[in-house]
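Trainee: The structure follows.
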Amino acid sequence: MANMRFAVGFTRLIPTIGYHHVLMVLIAIAIVLLSLLLAGCSSSSPTIPNIFLISLYYKSYPPNFAPSQVDPGVTTAIANIVGQAQLEVRVGYFGICVNPDGGSFLCSNNATALATQVSVDQDPLNLIWVASTFKDSIVFPYLIIVAIVLAFFCFLLLATFPGWHEETTDDGSEIRDVKPFPSRPVSQVSLALIFVASVFVLVSVLWQHTASVAASTIAQDLGNGSVKSGVGTTAMVLGWFGFALLIVVTIGLLVMILSIRLFTDLTDE
């Protein structure tokens with residue numbers, strides 16, 4: 001009986017769901033994903049340290065040798081300095097997480113505060129300082145912040161779009177469902193906002209991806225044989241998926257505006 005009531009209620013809800021409601025849901029999901037991306041490494045919550053742009057950690061492995069290395073033996077000196085250190089540093093947009101000994105992460109937006117909680121033996125090559133330099137000098141989160149704000153304003157504009165409602169004919173003999181077209185200026189402003197937001201996210205994610213890969217490669221080469229580095233897969237997925245959703249909304253709004261214009265031109269002839 002309960003399932004039947006749910007089915008009846010759901011079928012009644014379907015006609016009230018408009019095209020713009022689907023776009024609003026996509027925008028909401030994109031905002032949540034991009035917000036999670038910005039929140040990476042900002043706290044010690046169970047999942048937040050796993051959202052990072054780049055990680056640096058001590059690990060002993062066979063060094064790579066190449067003819068372009070002037071002093072290949074420096075890897076031995078670095079290995080002696082590193083010793084038994086196993087610290088890991090993860091960098092987010094607004095925070096840094098440190099795991100000194102394989103236990104839980106310590107997260108803060110202040111690298112100095114984190115450094116005071118770590119001994120020299122745990123971070124002999126100053127990976128916390130390297131991570132802080134990457135965050136302060138290379139990471140730029142403000143394009144994503146602006147994109148989130150623009151997407152939110154687009155969400156609010158889409159919420160003003162008219163939905164289905166009942167109207168009676170002039171003689172009052174018939175009741176019919178009517179859904180007026182949304183305002184053309186509001187639709188165009190919504191399209192402009194979500195398009196600019198998509199461009200900002202694209203630039204930011206490309207910047208994030210390129211900078212993270214470059215910094216990861218250089219850091220690992222400098223610590224050849226003693227330092228490993230990696231790029232955060234979760235952060236990349238959040239960024240690119242958020243961009244994909246905004247692009248879908250942009251295309252959806254463009255198709256809607258062009259369809260309404262075409263329909264209006266046909267009916268005016």
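By convention here, the chains of the structure tokens are called A, B, ... in the order presented, each chain's residues are numbered starting at 1, and ligands are numbered starting at 1 in the order presented.
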Residues near region 89-100 of chain A, anyone? I mean within 8 Å using only C-alpha atoms, not counting same-chain ones fewer than 3 positions away, as a compact mmCIF listing (two decimals) with C-alpha atoms, in the first residue's frame.

Mentor:
```txt
# COMPACT_ATOMS: atom_id res chain seq x y z
CA LEU A 37 37.59 20.30 -4.22
CA LEU A 38 38.28 23.61 -2.47
CA ALA A 39 37.82 21.99 0.95
CA GLY A 40 40.54 19.38 0.32
CA CYS A 41 43.17 19.16 3.10
CA SER A 42 41.44 21.89 5.09
CA SER A 43 40.60 19.62 8.04
CA SER A 44 41.43 16.23 9.52
CA PRO A 49 42.77 14.65 3.53
CA ILE A 51 41.21 15.30 -1.58
CA PHE A 52 44.59 16.78 -2.44
CA LEU A 53 46.36 18.30 -5.42
CA ILE A 54 49.79 16.81 -4.80
CA SER A 55 51.43 14.57 -2.21
CA LEU A 56 55.12 14.31 -1.25
CA TYR A 57 56.43 11.50 0.91
CA GLN A 86 58.28 8.23 6.40
CA GLY A 103 49.28 7.44 11.64
CA SER A 104 46.55 10.05 11.30
CA PHE A 105 46.86 13.30 9.35
CA LEU A 106 47.42 16.71 10.90
CA CYS A 107 45.82 19.41 8.75
CA SER A 108 46.13 23.19 8.85
CA ASN A 109 46.38 26.20 6.57
CA ASN A 110 49.48 27.28 8.50
CA ALA A 111 52.60 25.38 7.46
CA LEU A 114 52.53 21.98 11.23
CA VAL A 118 57.33 17.53 13.40
CA GLN A 122 60.69 13.11 10.43
CA ASP A 123 61.16 15.81 7.75
CA LEU A 127 58.90 18.67 2.49
CA ILE A 128 56.42 20.69 4.54
CA ALA A 131 54.43 21.89 0.00
CA SER A 132 53.75 25.31 1.52
CA LYS A 135 50.33 26.11 -2.17
CA VAL A 139 47.86 27.15 -6.39
CA PHE A 140 45.20 29.72 -7.33
CA PRO A 141 41.69 28.88 -6.04
```

Trainee: Got a sec to tell me which of region 186-239 of chain A DSSP assigns to strand (DSSP E), as a list in words?

Mentor: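 Strand (DSSP E) assignments inside region 186-239 of chain A correspond to Val227, Lys228, Ser229, Gly230 and Val231 of chain A.
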
Trainee: Hey, can you spit out that residue selection with C-alpha atoms as a PDB file, in the first residue's frame?

Mentor:
```
ATOM      1  CA  VAL A 227      61.235  11.004  -2.209  1.00  0.00           C
ATOM      2  CA  LYS A 228      58.080   9.973  -4.022  1.00  0.00           C
ATOM      3  CA  SER A 229      55.279  12.234  -5.186  1.00  0.00           C
ATOM      4  CA  GLY A 230      51.864  11.878  -6.739  1.00  0.00           C
ATOM      5  CA  VAL A 231      48.914  13.820  -8.085  1.00  0.00           C
TER       6      VAL A 231
END
```

Trainee: Each residue of region 137-255 of chain A with at least one atom at most 9 Å from region 59-68 of chain A should appear once, together with its nearest atom pair and the corresponding distance in Å (one decimal); atoms considered: only C-alpha atoms; ordering: chain, then increasing residue number; output as a Markdown table.

Mentor:
```
| residue | atom | partner | partner_atom | distance |
| --- | --- | --- | --- | --- |
| A:Asp221 | CA | A:Asn64 | CA | 8.4 |
| A:Gly223 | CA | A:Pro63 | CA | 9.0 |
| A:Asn224 | CA | A:Pro63 | CA | 5.4 |
| A:Gly225 | CA | A:Pro63 | CA | 4.0 |
| A:Ser226 | CA | A:Ser60 | CA | 4.7 |
| A:Val227 | CA | A:Lys59 | CA | 5.5 |
| A:Lys228 | CA | A:Lys59 | CA | 6.1 |
```

Trainee: From the set A:Ala113, A:Ile78, A:Val130, A:Val196, which residue has the shortest atom-to-atom contact distance to Val249 (chain A), counting only C-alpha atoms?

Mentor: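 When distances to Val249 (chain A) are compared using only C-alpha atoms, the smallest one comes from A:Val196.
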
Trainee: Just list the residues in region 124-253 of chain A DSSP gives alpha helix (DSSP H) on the backbone, as a ChimeraX atom specification.

Mentor: /A:127-137,142-159,184-222,233-253

Trainee: Nearest residue to Trp207 (chain A) out of A:Met24, A:Ile194, A:Ile148, A:Ile138, using only C-alpha atoms?

Mentor: A:Ile138

Trainee: Considering only C-alpha atoms, state which residue in the set A:Leu238, A:Ala79, A:Ile144, A:Leu253 is at the smallest distance from Val203 (chain A).

Mentor: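 Checking each of A:Leu238, A:Ala79, A:Ile144, A:Leu253 against Val203 (chain A), counting only C-alpha atoms, the winner is A:Ile144.
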
Trainee: Quick one: residues within 9 Å of Gly242 (chain A), only C-alpha atoms counted, chain neighbours fewer than 4 positions away excluded, as JSON, numbers by chain?

Mentor: {"A": [27, 29, 30, 31, 32, 33, 34, 198, 201, 237, 238, 246, 247]}

Trainee: Please produce an output containing C-alpha atoms for each residue in the selection, written as a PDB file, in the first residue's frame.

Mentor:
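Wrote it out as selection.pdb, contents follow:
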```
ATOM      1  CA  ILE A  27      24.324  23.053 -11.236  1.00  0.00           C
ATOM      2  CA  ILE A  29      25.858  18.890  -8.065  1.00  0.00           C
ATOM      3  CA  ALA A  30      28.631  20.874  -9.775  1.00  0.00           C
ATOM      4  CA  ILE A  31      28.694  23.402  -6.926  1.00  0.00           C
ATOM      5  CA  VAL A  32      28.954  20.608  -4.353  1.00  0.00           C
ATOM      6  CA  LEU A  33      31.802  18.915  -6.236  1.00  0.00           C
ATOM      7  CA  LEU A  34      33.768  22.137  -6.674  1.00  0.00           C
ATOM      8  CA  SER A 198      32.509  26.959 -17.155  1.00  0.00           C
ATOM      9  CA  VAL A 201      36.560  26.158 -14.050  1.00  0.00           C
ATOM     10  CA  VAL A 237      37.994  13.861 -10.863  1.00  0.00           C
ATOM     11  CA  LEU A 238      36.077  16.468  -8.851  1.00  0.00           C
ATOM     12  CA  LEU A 246      28.661  23.054 -16.113  1.00  0.00           C
ATOM     13  CA  ILE A 247      29.267  22.446 -19.827  1.00  0.00           C
TER      14      ILE A 247
END
```

Trainee: Report the distance between CA of Leu254 (chain A) and CA of Leu143 (chain A) in Å, rounded to one decimal place.

Mentor: 23.1 Å

Trainee: What gap, in Å, lies between CA of Ser45 (chain A) and CA of Asp136 (chain A)?

Mentor: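 Between CA of Ser45 (chain A) and CA of Asp136 (chain A) the gap works out to 22.6 Å.
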